[in-house]
$ cat input.txt   # compact mmCIF, C-alpha atoms
# COMPACT_ATOMS: atom_id res chain seq x y z
CA MET A 40 17.90 25.41 -29.87
CA SER A 41 15.56 22.45 -29.50
CA SER A 42 12.97 22.49 -26.74
CA THR A 43 14.38 19.38 -25.05
CA VAL A 44 17.79 21.03 -24.70
CA GLN A 45 16.01 24.03 -23.26
CA ILE A 46 14.00 22.07 -20.69
CA ASP A 47 17.14 20.13 -19.74
CA LYS A 48 19.04 23.38 -19.27
CA LEU A 49 16.24 24.88 -17.21
CA LEU A 50 15.97 21.80 -14.98
CA SER A 51 19.72 21.63 -14.42
CA THR A 52 19.64 25.36 -13.46
CA VAL A 53 16.92 24.59 -10.89
CA ILE A 54 19.07 21.77 -9.47
CA GLN A 55 22.28 23.86 -9.39
CA LEU A 56 20.53 26.77 -7.66
CA LYS A 57 18.70 24.38 -5.28
CA ALA A 58 15.53 26.26 -6.27
CA SER A 59 12.20 24.72 -5.27
CA ASP A 60 10.06 25.59 -8.33
CA LEU A 61 10.31 26.58 -11.98
CA HIS A 62 7.53 28.74 -13.47
CA ILE A 63 6.97 28.84 -17.24
CA SER A 64 4.58 31.50 -18.61
CA VAL A 65 4.18 33.37 -21.87
CA GLY A 66 5.41 36.97 -21.83
CA GLN A 67 8.33 36.65 -19.42
CA PRO A 68 11.52 34.60 -19.02
CA PRO A 69 11.37 31.40 -16.91
CA VAL A 70 11.16 32.19 -13.17
CA VAL A 71 12.53 30.12 -10.28
CA ARG A 72 11.48 30.19 -6.63
CA HIS A 73 14.65 30.29 -4.56
CA HIS A 74 14.51 30.36 -0.73
CA GLY A 75 10.88 31.41 -1.02
CA ARG A 76 11.57 34.36 -3.38
CA MET A 77 10.71 34.52 -7.11
CA ARG A 78 13.70 35.21 -9.43
CA ARG A 79 13.66 35.65 -13.22
CA LEU A 80 16.31 33.72 -15.11
CA GLU A 81 18.42 35.59 -17.66
CA VAL A 82 16.88 33.81 -20.63
CA LYS A 83 14.73 35.10 -23.48
CA THR A 84 11.09 36.05 -22.91
CA LEU A 85 8.91 33.04 -23.74
CA ASP A 86 6.24 33.10 -26.44
CA ASN A 87 3.37 30.70 -27.23
CA ASP A 88 5.56 28.40 -29.34
CA ASP A 89 8.19 28.15 -26.58
CA THR A 90 5.77 27.12 -23.84
CA THR A 91 3.98 24.65 -26.14
CA ALA A 92 7.30 23.05 -27.14
CA LEU A 93 8.44 22.88 -23.49
CA MET A 94 5.13 21.26 -22.50
CA LYS A 95 5.32 18.67 -25.32
CA ALA A 96 8.91 17.79 -24.42
CA ILE A 97 7.93 16.40 -21.01
CA THR A 98 4.17 15.75 -20.89
CA PRO A 99 2.96 12.13 -21.36
CA ASP A 100 0.23 11.61 -23.98
CA ARG A 101 -2.51 10.85 -21.43
CA CYS A 102 -1.75 14.15 -19.64
CA GLN A 103 -1.74 16.08 -22.96
CA GLN A 104 -5.22 14.65 -23.53
CA GLU A 105 -6.31 15.66 -20.02
CA LEU A 106 -4.88 19.15 -20.63
CA ALA A 107 -6.93 19.44 -23.84
CA GLU A 108 -10.13 18.19 -22.17
CA CYS A 109 -9.88 19.70 -18.68
CA GLY A 110 -7.53 22.65 -19.13
CA GLY A 111 -4.82 21.21 -16.88
CA ALA A 112 -2.93 18.11 -15.78
CA ASP A 113 -0.52 17.02 -13.03
CA PHE A 114 2.20 14.40 -13.28
CA ALA A 115 5.74 13.64 -12.11
CA ILE A 116 8.83 13.26 -14.30
CA GLU A 117 12.21 11.68 -13.72
CA TYR A 118 15.15 13.86 -14.75
CA VAL A 119 18.80 12.67 -14.72
CA ASP A 120 20.48 11.14 -11.61
CA GLY A 121 17.25 10.37 -9.79
CA TYR A 122 16.08 14.01 -9.70
CA ARG A 123 12.30 14.14 -9.94
CA PHE A 124 9.87 16.98 -10.60
CA ARG A 125 6.16 17.32 -9.99
CA VAL A 126 4.65 19.13 -12.96
CA ALA A 127 1.42 21.10 -13.33
CA VAL A 128 0.56 22.14 -16.91
CA PHE A 129 -2.41 24.43 -17.49
CA LYS A 130 -4.07 26.80 -19.91
CA GLN A 131 -4.14 30.49 -19.12
CA ARG A 132 -5.41 33.32 -21.34
CA GLY A 133 -5.26 31.07 -24.37
CA SER A 134 -1.65 29.99 -23.86
CA LEU A 135 0.10 27.26 -21.86
CA GLY A 136 1.74 27.64 -18.48
CA MET A 137 3.74 25.16 -16.38
CA VAL A 138 5.01 24.93 -12.83
CA LEU A 139 7.63 22.30 -12.04
CA ARG A 140 8.42 21.58 -8.39
CA ARG A 141 11.68 19.85 -7.55
CA ILE A 142 11.10 16.74 -5.47
CA PRO A 143 14.08 16.38 -3.12
CA SER A 144 15.88 13.11 -3.88
CA GLN A 145 16.99 12.51 -0.28
CA PHE A 146 14.60 11.75 2.54
CA LEU A 147 14.93 14.14 5.47
CA THR A 148 15.39 12.64 8.92
CA PHE A 149 13.03 13.52 11.77
CA GLU A 150 15.84 15.61 13.26
CA GLN A 151 16.34 17.60 10.04
CA ILE A 152 12.63 18.32 9.78
CA GLY A 153 12.32 19.12 13.49
CA MET A 154 9.56 16.51 13.69
CA PRO A 155 7.56 16.63 16.95
CA GLU A 156 8.57 13.82 19.32
CA ALA A 157 4.96 12.56 19.65
CA VAL A 158 4.98 11.42 15.99
CA ARG A 159 7.38 8.53 16.76
CA SER A 160 4.94 6.88 19.15
CA LEU A 161 1.84 7.58 17.00
CA ILE A 162 3.12 5.96 13.81
CA VAL A 163 3.75 2.61 15.51
CA ARG A 164 0.24 2.32 16.96
CA PRO A 165 -1.70 -0.67 15.60
CA ARG A 166 -4.48 1.47 14.14
CA GLY A 167 -5.77 5.00 13.76
CA LEU A 168 -5.93 8.04 11.51
CA ILE A 169 -2.99 10.46 11.49
CA LEU A 170 -3.50 13.70 9.57
CA VAL A 171 -0.79 15.99 8.23
CA THR A 172 -2.29 19.36 7.36
CA GLY A 173 -1.22 22.75 6.07
CA PRO A 174 -1.46 25.04 3.05
CA THR A 175 -0.14 24.02 -0.37
CA GLY A 176 3.66 24.07 -0.45
CA SER A 177 4.04 23.71 3.32
CA GLY A 178 6.05 20.48 3.07
CA LYS A 179 3.31 17.93 3.87
CA THR A 180 4.55 15.53 1.17
CA THR A 181 8.12 15.72 2.51
CA THR A 182 6.93 15.12 6.09
CA LEU A 183 4.86 12.08 5.07
CA ALA A 184 7.73 10.70 2.97
CA SER A 185 10.08 10.97 5.95
CA MET A 186 7.51 9.20 8.19
CA ILE A 187 7.22 6.33 5.69
CA ASN A 188 11.00 6.22 5.35
CA PHE A 189 11.41 6.09 9.17
CA ILE A 190 8.97 3.16 9.34
CA ASN A 191 10.76 1.50 6.39
CA ASP A 192 14.11 1.76 8.23
CA ASN A 193 12.83 0.47 11.57
CA TYR A 194 9.75 -1.75 11.29
CA ASP A 195 8.50 -4.58 9.08
CA ARG A 196 5.18 -3.43 7.64
CA HIS A 197 3.20 -3.55 4.41
CA VAL A 198 2.71 0.04 3.25
CA ILE A 199 0.36 1.05 0.43
CA THR A 200 0.50 4.64 -0.78
CA LEU A 201 -2.16 6.32 -2.94
CA GLU A 202 -0.65 9.42 -4.53
CA ASP A 203 -1.52 11.99 -7.18
CA PRO A 204 1.15 11.99 -8.57
CA ILE A 205 3.84 9.79 -6.94
CA GLU A 206 6.60 12.12 -5.78
CA TYR A 207 9.13 10.44 -3.47
CA GLN A 208 9.94 6.89 -4.55
CA HIS A 209 10.46 4.38 -1.73
CA LYS A 210 12.60 1.25 -2.01
CA HIS A 211 11.67 -1.90 -0.07
CA LYS A 212 13.85 -1.96 3.07
CA LYS A 213 12.31 -3.50 6.21
CA CYS A 214 8.89 -2.73 4.72
CA THR A 215 7.19 -3.86 1.56
CA ILE A 216 6.02 -0.63 -0.07
CA ASN A 217 3.54 -0.49 -2.95
CA GLN A 218 2.95 2.97 -4.43
CA ARG A 219 -0.17 3.47 -6.56
CA GLU A 220 -0.68 6.55 -8.70
CA ILE A 221 -4.19 7.96 -9.06
CA GLY A 222 -5.26 7.97 -12.72
CA VAL A 223 -2.54 5.47 -13.66
CA ASP A 224 -2.73 2.50 -11.27
CA VAL A 225 -6.14 3.17 -9.72
CA PRO A 226 -8.96 5.55 -10.78
CA ASP A 227 -9.41 7.54 -7.55
CA PHE A 228 -8.57 7.69 -3.83
CA LYS A 229 -11.81 6.10 -2.61
CA GLU A 230 -11.38 3.09 -4.92
CA GLY A 231 -7.70 2.93 -3.91
CA ILE A 232 -8.61 2.66 -0.21
CA ARG A 233 -11.32 0.06 -0.91
CA ARG A 234 -8.87 -2.09 -2.88
CA ALA A 235 -6.05 -1.58 -0.37
CA LEU A 236 -8.11 -3.18 2.40
CA ARG A 237 -7.92 -6.50 0.49
CA MET A 238 -4.14 -6.30 0.12
CA ASP A 239 -3.16 -7.12 3.73
CA PRO A 240 -1.92 -3.59 4.52
CA ASP A 241 -0.56 -2.32 7.84
CA ILE A 242 -0.31 1.30 6.71
CA ILE A 243 -2.27 3.15 4.01
CA LEU A 244 -1.17 6.60 2.89
CA VAL A 245 -3.95 8.66 1.30
CA GLY A 246 -2.30 11.52 -0.60
CA GLU A 247 -5.32 13.79 -0.40
CA MET A 248 -8.62 13.53 1.45
CA ARG A 249 -10.56 15.84 -0.80
CA ASP A 250 -14.15 14.57 -0.81
CA LEU A 251 -16.76 12.89 1.37
CA ALA A 252 -16.25 9.40 -0.12
CA THR A 253 -12.47 9.46 0.44
CA ILE A 254 -12.74 10.90 3.96
CA HIS A 255 -15.35 8.30 4.92
CA ALA A 256 -13.28 5.43 3.47
CA ALA A 257 -10.16 6.66 5.31
CA ILE A 258 -11.97 6.88 8.67
CA GLU A 259 -13.39 3.37 8.21
CA ALA A 260 -9.99 1.95 7.23
CA ALA A 261 -8.49 3.48 10.40
CA GLU A 262 -11.28 1.97 12.52
CA THR A 263 -10.72 -1.53 11.13
CA GLY A 264 -7.17 -1.98 12.34
CA HIS A 265 -4.88 -0.04 10.01
CA ILE A 266 -2.77 3.06 10.36
CA VAL A 267 -3.99 5.61 7.82
CA PHE A 268 -1.98 8.72 6.98
CA GLY A 269 -3.98 11.47 5.27
CA THR A 270 -3.50 15.09 4.27
CA LEU A 271 -5.83 18.09 4.29
CA HIS A 272 -5.33 21.73 3.31
CA THR A 273 -6.34 23.03 6.73
CA SER A 274 -4.35 25.00 9.27
CA GLY A 275 -4.45 23.74 12.83
CA ALA A 276 -6.03 20.78 14.58
CA ALA A 277 -9.38 22.35 15.47
CA SER A 278 -10.14 23.59 11.94
CA THR A 279 -9.13 20.16 10.56
CA ILE A 280 -11.79 18.45 12.67
CA ASN A 281 -14.42 21.00 11.64
CA ARG A 282 -13.52 20.60 7.97
CA ILE A 283 -13.93 16.80 8.11
CA ILE A 284 -17.28 16.96 9.87
CA ASP A 285 -18.62 19.78 7.64
CA VAL A 286 -18.07 17.63 4.53
CA PHE A 287 -20.88 15.30 5.72
CA PRO A 288 -24.62 16.02 5.48
CA LYS A 289 -26.14 17.39 8.70
CA ASP A 290 -27.97 14.17 9.56
CA GLN A 291 -24.70 12.17 9.49
CA GLN A 292 -22.55 14.61 11.45
CA ASP A 293 -23.20 13.21 14.96
CA GLN A 294 -22.30 9.71 13.83
CA VAL A 295 -19.14 10.97 12.09
CA ARG A 296 -18.11 12.87 15.25
CA THR A 297 -18.30 9.62 17.19
CA GLN A 298 -16.40 7.70 14.50
CA LEU A 299 -13.74 10.40 14.17
CA SER A 300 -13.26 10.65 17.95
CA THR A 301 -12.25 6.97 18.08
CA ALA A 302 -10.41 6.75 14.71
CA LEU A 303 -8.32 9.93 14.91
CA ILE A 304 -5.08 9.59 16.90
CA GLY A 305 -3.13 12.68 15.92
CA VAL A 306 -3.03 15.85 13.81
CA LEU A 307 0.24 17.45 12.74
CA SER A 308 -0.20 20.90 11.12
CA GLN A 309 2.71 22.64 9.49
CA THR A 310 3.82 25.72 7.64
CA ILE A 311 7.15 26.75 6.12
CA LEU A 312 9.07 29.98 6.78
CA PRO A 313 12.24 31.58 5.38
CA LYS A 314 15.12 30.80 7.74
CA LYS A 315 17.89 33.29 8.59
CA PRO A 316 20.23 33.84 6.73
CA ASP A 317 18.83 31.54 4.03
CA GLY A 318 16.98 28.27 3.60
CA LEU A 319 13.63 27.20 5.01
CA VAL A 320 12.37 25.96 8.37
CA ALA A 321 9.09 24.25 9.28
CA ALA A 322 6.83 25.31 12.15
CA PHE A 323 4.40 22.74 13.59
CA GLU A 324 1.30 22.34 15.68
CA MET A 325 0.86 18.90 17.27
CA MET A 326 -2.34 17.43 18.66
CA VAL A 327 -2.44 13.96 20.18
CA VAL A 328 -5.97 12.61 20.70
CA THR A 329 -6.30 11.98 24.44
CA ASP A 330 -9.50 10.87 26.26
CA ALA A 331 -10.27 14.53 26.96
CA ILE A 332 -9.93 15.50 23.28
CA GLN A 333 -12.00 12.47 22.22
CA ASN A 334 -14.80 13.84 24.41
CA LEU A 335 -14.47 17.32 22.90
CA ILE A 336 -14.74 15.91 19.35
CA ARG A 337 -17.70 13.69 20.23
CA GLU A 338 -19.56 16.45 22.10
CA ASN A 339 -18.93 19.07 19.39
CA LYS A 340 -16.78 21.28 21.65
CA VAL A 341 -14.02 21.73 19.09
CA TYR A 342 -13.56 25.37 20.22
CA ARG A 343 -11.99 24.01 23.43
CA ILE A 344 -9.35 21.95 21.63
CA ASP A 345 -6.71 24.71 21.48
CA SER A 346 -6.68 25.06 25.26
CA SER A 347 -6.43 21.27 25.60
CA ILE A 348 -3.39 21.32 23.28
CA GLN A 349 -1.82 24.16 25.25
CA THR A 350 -2.13 22.24 28.49
CA GLY A 351 -1.25 18.83 26.99
CA ARG A 352 2.51 19.26 26.93
CA LYS A 353 3.08 16.02 28.80
CA HIS A 354 1.52 14.23 25.80
CA GLY A 355 3.85 16.07 23.37
CA MET A 356 1.27 18.62 22.22
CA PHE A 357 1.85 22.28 21.39
CA LEU A 358 0.20 25.11 19.44
CA LEU A 359 1.59 26.63 16.25
CA ASP A 360 2.04 30.09 17.79
CA ASP A 361 4.15 28.66 20.64
CA ASN A 362 6.34 26.85 18.10
CA LEU A 363 6.67 30.05 16.02
CA TYR A 364 7.64 31.99 19.17
CA GLY A 365 10.39 29.41 19.82
CA LEU A 366 11.76 29.83 16.27
CA TRP A 367 11.92 33.62 16.77
CA LYS A 368 13.45 33.35 20.25
CA ASN A 369 16.16 31.02 18.94
CA GLY A 370 17.02 33.54 16.22
CA LEU A 371 16.01 31.24 13.34
CA VAL A 372 13.27 33.40 11.79
CA ASP A 373 12.53 37.14 11.57
CA LYS A 374 9.71 38.51 13.72
CA GLU A 375 7.80 39.76 10.62
CA GLU A 376 7.76 36.26 9.08
CA ILE A 377 6.56 34.72 12.36
CA LEU A 378 3.65 37.15 12.66
CA LEU A 379 2.56 36.51 9.04
CA LYS A 380 2.04 32.82 9.86
CA ALA A 381 0.65 33.17 13.41
CA LYS A 382 -2.95 32.24 14.20
CA LYS A 383 -3.23 35.03 16.77
CA PRO A 384 -0.68 37.58 15.52
CA ALA A 385 -1.73 40.34 17.93
CA GLU A 386 -1.18 38.12 20.99
CA LEU A 387 2.13 36.83 19.67
CA ALA A 388 3.29 40.36 18.78
CA ALA A 389 2.52 41.51 22.34
CA LYS A 390 4.45 38.57 23.80
CA ILE A 391 7.47 39.31 21.55
CA ALA A 392 7.28 43.04 22.34
CA ALA A 393 7.35 42.26 26.08
CA VAL A 394 10.48 40.14 25.59
CA GLU A 395 12.11 42.85 23.49
CA ARG A 396 11.41 45.40 26.24
CA GLY A 397 12.96 43.03 28.76
CA LEU A 398 9.66 42.34 30.53
CA GLU A 399 9.71 38.63 29.85
CA THR A 400 7.54 36.64 32.23
CA ASP A 401 8.61 33.22 33.38
CA ASP A 402 6.80 30.93 30.97
CA ALA A 403 7.55 27.88 33.09
CA GLU A 404 5.42 29.11 36.00
CA TYR A 405 2.44 29.64 33.73
CA GLU A 406 2.87 26.27 32.12
CA GLU A 407 2.87 24.54 35.49
CA ASP A 408 -0.31 26.36 36.53
CA ASP A 409 -1.91 25.45 33.20
CA ALA A 410 -0.89 21.83 33.56
CA GLU A 411 -2.45 21.62 37.03
CA GLU A 412 -5.69 23.15 35.72
CA ASP A 413 -5.61 20.71 32.83
CA ASP A 414 -5.29 17.73 35.17
CA ASP A 415 -8.36 18.99 37.02
CA ASP A 416 -10.20 19.36 33.68
CA ASP A 417 -9.22 15.83 32.69
CA GLU A 418 -10.44 14.47 36.00
CA GLU A 419 -13.74 16.34 35.72
CA GLU A 420 -14.23 15.08 32.19
CA GLU A 421 -13.38 11.54 33.23
CA GLU A 422 -15.86 11.82 36.12
CA GLU A 423 -18.50 13.00 33.62
CA GLU A 424 -17.62 10.05 31.41
CA LYS A 425 -17.98 7.34 34.09
CA PRO A 426 -21.78 7.51 34.50
CA ARG A 427 -22.16 7.53 30.72
CA ARG A 428 -20.03 4.41 30.33
CA ARG A 429 -22.06 2.64 33.04
CA ARG A 430 -25.24 3.36 31.15
$ encode --input "input.txt" --output "structure tokens"
Amino acid sequence: MSSTVQIDKLLSTVIQLKASDLHISVGQPPVVRHHGRMRRLEVKTLDNDDTTALMKAITPDRCQQELAECGGADFAIEYVDGYRFRVAVFKQRGSLGMVLRRIPSQFLTFEQIGMPEAVRSLIVRPRGLILVTGPTGSGKTTTLASMINFINDNYDRHVITLEDPIEYQHKHKKCTINQREIGVDVPDFKEGIRRALRMDPDIILVGEMRDLATIHAAIEAAETGHIVFGTLHTSGAASTINRIIDVFPKDQQDQVRTQLSTALIGVLSQTILPKKPDGLVAAFEMMVVTDAIQNLIRENKVYRIDSSIQTGRKHGMFLLDDNLYGLWKNGLVDKEEILLKAKKPAELAAKIAAVERGLETDDAEYEEDDAEEDDDDDEEEEEEEKPRRRR
């Protein structure tokens, strides 16, 4: 059996099963991830020659070179009928391993994703930085692709994406969309942003904000009248802001806080959970940058952001744990899965236990009280602001 037949068979199995990933390692049969669980395929155990042949069947020459020099490489491949896979090849214990992730060929709508309502108004602002954050494999790429697709269906814009590698491919609809792959079309993200600013963009998508130079370039692009979408591997709005500021040297941090407070317009954090009886569902945390939150960022009071989100429902904000609670209450996800992903599992467990015992409190009353307190807070903060502005 030739290796190409084998890789074709493996990829068609992934597509038939609707699995998300294919894992190739020496010493076991190929493994697929299906509805979040790892399952071995009933195929022979792979040896060194098998994994090397499978790698060579799909890996472009430049990536084989990178694999030899750096011990790993990432790229995307096109399989039949528009099915695409993101591939990571790597060395491990002297042999080769591969993980292939299926890139869904259809864009999901906002309704299918359960996208927070606030996103619709943020993505049509004339400028600002919108961050989509979450751990690896939490669906950030899919969320960003559906945002770009929504804009492409509804607005005329010039969109430039910087991706490593390109996963979803966009056609020109109402928008003109140019997708640039890092390492192929442009050397790195920072250079990609710098060049993009000369290409009359409305929207720049930065696939990963992984270093100081890229983060700084993205913030400056957002300040100069563009919408910038970026991703970070952080969980939650508050930790995202801390992560960005901590990347900078101490003597620049105050200036960056000020820049970030005006450039940032929203943070969407997400995670993915197994849905009952099968499938996956996303849970979100949404922060919209209001005047009050701008002040908290500028004054280094990030620890107060969570309570601002909790009381900012009228702006479309909510915390991850509240969203998780809703998924459990609506019978979509098991309690155990919810608590694994919660930021404050003990508090959430107590709330769920109270409901299960039939001692549910009326959430609405609390929310109204919170909202009133929040309005007072906003007013106080605005009062504090006025003398400063006059100066």
$ residues_around --input "input.txt" --residues "A:Ser347" --least-positions-apart "2" --cutoff "8 Å" --atoms "all atoms listed in the file" --output "list in words"
Ala331, Ile332, Arg343, Ile344, Asp345, Gln349, Thr350, Gly351 and Asp413 of chain A
$ residues_near_point --input "input.txt" --point "(12.2, 32.0, -12.7)" --cutoff "12 Å" --atoms "only C-alpha atoms" --output "JSON, numbers by chain"
{"A": [49, 50, 52, 53, 56, 58, 59, 60, 61, 62, 63, 64, 67, 68, 69, 70, 71, 72, 73, 75, 76, 77, 78, 79, 80, 81, 82, 83, 84, 85, 137, 138, 139, 140]}
$ atom_distance --input "input.txt" --atom1 "atom CA of A:Asp239" --atom2 "atom CA of A:His197"
7.3 Å
$ closest_residue --input "input.txt" --among "A:Leu303, A:Ile221, A:Val320, A:Ala389" --to "A:Gln333" --atoms "only C-alpha atoms"
A:Leu303
$ closest_residue --input "input.txt" --among "A:Lys383, A:Arg396, A:His255, A:Arg282" --to "A:Glu230" --atoms "only C-alpha atoms"
A:His255
$ closest_residue --input "input.txt" --among "A:Phe189, A:Glu206, A:Asp86, A:Glu150" --to "A:Val126" --atoms "only C-alpha atoms"
A:Glu206
$ atom_distance --input "input.txt" --atom1 "atom CA of A:Ser308" --atom2 "atom CA of A:Asp373"
20.6 Å
$ residues_around --input "input.txt" --residues "A:Asp361" --least-positions-apart "2" --cutoff "12 Å" --atoms "all atoms listed in the file" --output "VMD selection string"
chain A and resid 322 to 325 345 348 to 350 352 356 to 359 363 to 368 377 to 378 380 to 384 386 to 388 390 to 391 402 406
$ write_last_selection --input "input.txt" --atoms "C-alpha atoms" --output "compact mmCIF listing (two decimals), in the frame of the given file"
# COMPACT_ATOMS: atom_id res chain seq x y z
CA ALA A 322 6.83 25.31 12.15
CA PHE A 323 4.40 22.74 13.59
CA GLU A 324 1.30 22.34 15.68
CA MET A 325 0.86 18.90 17.27
CA ASP A 345 -6.71 24.71 21.48
CA ILE A 348 -3.39 21.32 23.28
CA GLN A 349 -1.82 24.16 25.25
CA THR A 350 -2.13 22.24 28.49
CA ARG A 352 2.51 19.26 26.93
CA MET A 356 1.27 18.62 22.22
CA PHE A 357 1.85 22.28 21.39
CA LEU A 358 0.20 25.11 19.44
CA LEU A 359 1.59 26.63 16.25
CA LEU A 363 6.67 30.05 16.02
CA TYR A 364 7.64 31.99 19.17
CA GLY A 365 10.39 29.41 19.82
CA LEU A 366 11.76 29.83 16.27
CA TRP A 367 11.92 33.62 16.77
CA LYS A 368 13.45 33.35 20.25
CA ILE A 377 6.56 34.72 12.36
CA LEU A 378 3.65 37.15 12.66
CA LYS A 380 2.04 32.82 9.86
CA ALA A 381 0.65 33.17 13.41
CA LYS A 382 -2.95 32.24 14.20
CA LYS A 383 -3.23 35.03 16.77
CA PRO A 384 -0.68 37.58 15.52
CA GLU A 386 -1.18 38.12 20.99
CA LEU A 387 2.13 36.83 19.67
CA ALA A 388 3.29 40.36 18.78
CA LYS A 390 4.45 38.57 23.80
CA ILE A 391 7.47 39.31 21.55
CA ASP A 402 6.80 30.93 30.97
CA GLU A 406 2.87 26.27 32.12
$ closest_residue --input "input.txt" --among "A:Ile336, A:Leu398, A:Leu371, A:Met154" --to "A:Thr301" --atoms "only C-alpha atoms"
A:Ile336
$ atom_distance --input "input.txt" --atom1 "atom CA of A:Leu251" --atom2 "atom CA of A:Ile304"
19.7 Å
$ build_atoms --input "input.txt" --residues "stretch 68-86 of chain A" --atoms "N, CA and C atoms" --output "PDB file, in the coordinates of the input"
ATOM      1  N   PRO A  68      10.568  35.719 -19.050  1.00  0.00           N
ATOM      2  CA  PRO A  68      11.520  34.600 -19.020  1.00  0.00           C
ATOM      3  C   PRO A  68      11.079  33.574 -17.962  1.00  0.00           C
ATOM      4  N   PRO A  69      11.643  32.361 -17.994  1.00  0.00           N
ATOM      5  CA  PRO A  69      11.370  31.400 -16.910  1.00  0.00           C
ATOM      6  C   PRO A  69      11.734  32.012 -15.554  1.00  0.00           C
ATOM      7  N   VAL A  70      10.963  31.651 -14.522  1.00  0.00           N
ATOM      8  CA  VAL A  70      11.160  32.190 -13.170  1.00  0.00           C
ATOM      9  C   VAL A  70      11.390  31.027 -12.222  1.00  0.00           C
ATOM     10  N   VAL A  71      12.356  31.164 -11.301  1.00  0.00           N
ATOM     11  CA  VAL A  71      12.530  30.120 -10.280  1.00  0.00           C
ATOM     12  C   VAL A  71      12.167  30.686  -8.910  1.00  0.00           C
ATOM     13  N   ARG A  72      11.686  29.784  -8.027  1.00  0.00           N
ATOM     14  CA  ARG A  72      11.480  30.190  -6.630  1.00  0.00           C
ATOM     15  C   ARG A  72      12.686  29.688  -5.847  1.00  0.00           C
ATOM     16  N   HIS A  73      13.394  30.622  -5.229  1.00  0.00           N
ATOM     17  CA  HIS A  73      14.650  30.290  -4.560  1.00  0.00           C
ATOM     18  C   HIS A  73      14.583  30.837  -3.140  1.00  0.00           C
ATOM     19  N   HIS A  74      14.679  29.954  -2.133  1.00  0.00           N
ATOM     20  CA  HIS A  74      14.510  30.360  -0.730  1.00  0.00           C
ATOM     21  C   HIS A  74      13.233  31.185  -0.538  1.00  0.00           C
ATOM     22  N   GLY A  75      12.167  30.748  -1.205  1.00  0.00           N
ATOM     23  CA  GLY A  75      10.880  31.410  -1.020  1.00  0.00           C
ATOM     24  C   GLY A  75      10.665  32.651  -1.875  1.00  0.00           C
ATOM     25  N   ARG A  76      11.710  33.147  -2.567  1.00  0.00           N
ATOM     26  CA  ARG A  76      11.570  34.360  -3.380  1.00  0.00           C
ATOM     27  C   ARG A  76      11.564  34.006  -4.866  1.00  0.00           C
ATOM     28  N   MET A  77      10.791  34.753  -5.668  1.00  0.00           N
ATOM     29  CA  MET A  77      10.710  34.520  -7.110  1.00  0.00           C
ATOM     30  C   MET A  77      11.824  35.277  -7.837  1.00  0.00           C
ATOM     31  N   ARG A  78      12.593  34.577  -8.686  1.00  0.00           N
ATOM     32  CA  ARG A  78      13.700  35.210  -9.430  1.00  0.00           C
ATOM     33  C   ARG A  78      13.609  34.871 -10.905  1.00  0.00           C
ATOM     34  N   ARG A  79      13.659  35.894 -11.773  1.00  0.00           N
ATOM     35  CA  ARG A  79      13.660  35.650 -13.220  1.00  0.00           C
ATOM     36  C   ARG A  79      15.028  35.162 -13.662  1.00  0.00           C
ATOM     37  N   LEU A  80      15.035  34.180 -14.544  1.00  0.00           N
ATOM     38  CA  LEU A  80      16.310  33.720 -15.110  1.00  0.00           C
ATOM     39  C   LEU A  80      16.682  34.632 -16.286  1.00  0.00           C
ATOM     40  N   GLU A  81      17.976  34.739 -16.554  1.00  0.00           N
ATOM     41  CA  GLU A  81      18.420  35.590 -17.660  1.00  0.00           C
ATOM     42  C   GLU A  81      18.372  34.808 -18.964  1.00  0.00           C
ATOM     43  N   VAL A  82      17.153  34.572 -19.404  1.00  0.00           N
ATOM     44  CA  VAL A  82      16.880  33.810 -20.630  1.00  0.00           C
ATOM     45  C   VAL A  82      15.864  34.636 -21.405  1.00  0.00           C
ATOM     46  N   LYS A  83      15.659  34.298 -22.672  1.00  0.00           N
ATOM     47  CA  LYS A  83      14.730  35.100 -23.480  1.00  0.00           C
ATOM     48  C   LYS A  83      13.297  35.016 -22.936  1.00  0.00           C
ATOM     49  N   THR A  84      12.516  36.057 -23.259  1.00  0.00           N
ATOM     50  CA  THR A  84      11.090  36.050 -22.910  1.00  0.00           C
ATOM     51  C   THR A  84      10.393  34.963 -23.731  1.00  0.00           C
ATOM     52  N   LEU A  85       9.549  34.183 -23.069  1.00  0.00           N
ATOM     53  CA  LEU A  85       8.910  33.040 -23.740  1.00  0.00           C
ATOM     54  C   LEU A  85       7.677  33.471 -24.516  1.00  0.00           C
ATOM     55  N   ASP A  86       7.490  32.856 -25.705  1.00  0.00           N
ATOM     56  CA  ASP A  86       6.240  33.100 -26.440  1.00  0.00           C
ATOM     57  C   ASP A  86       5.423  31.798 -26.476  1.00  0.00           C
TER      58      ASP A  86
END
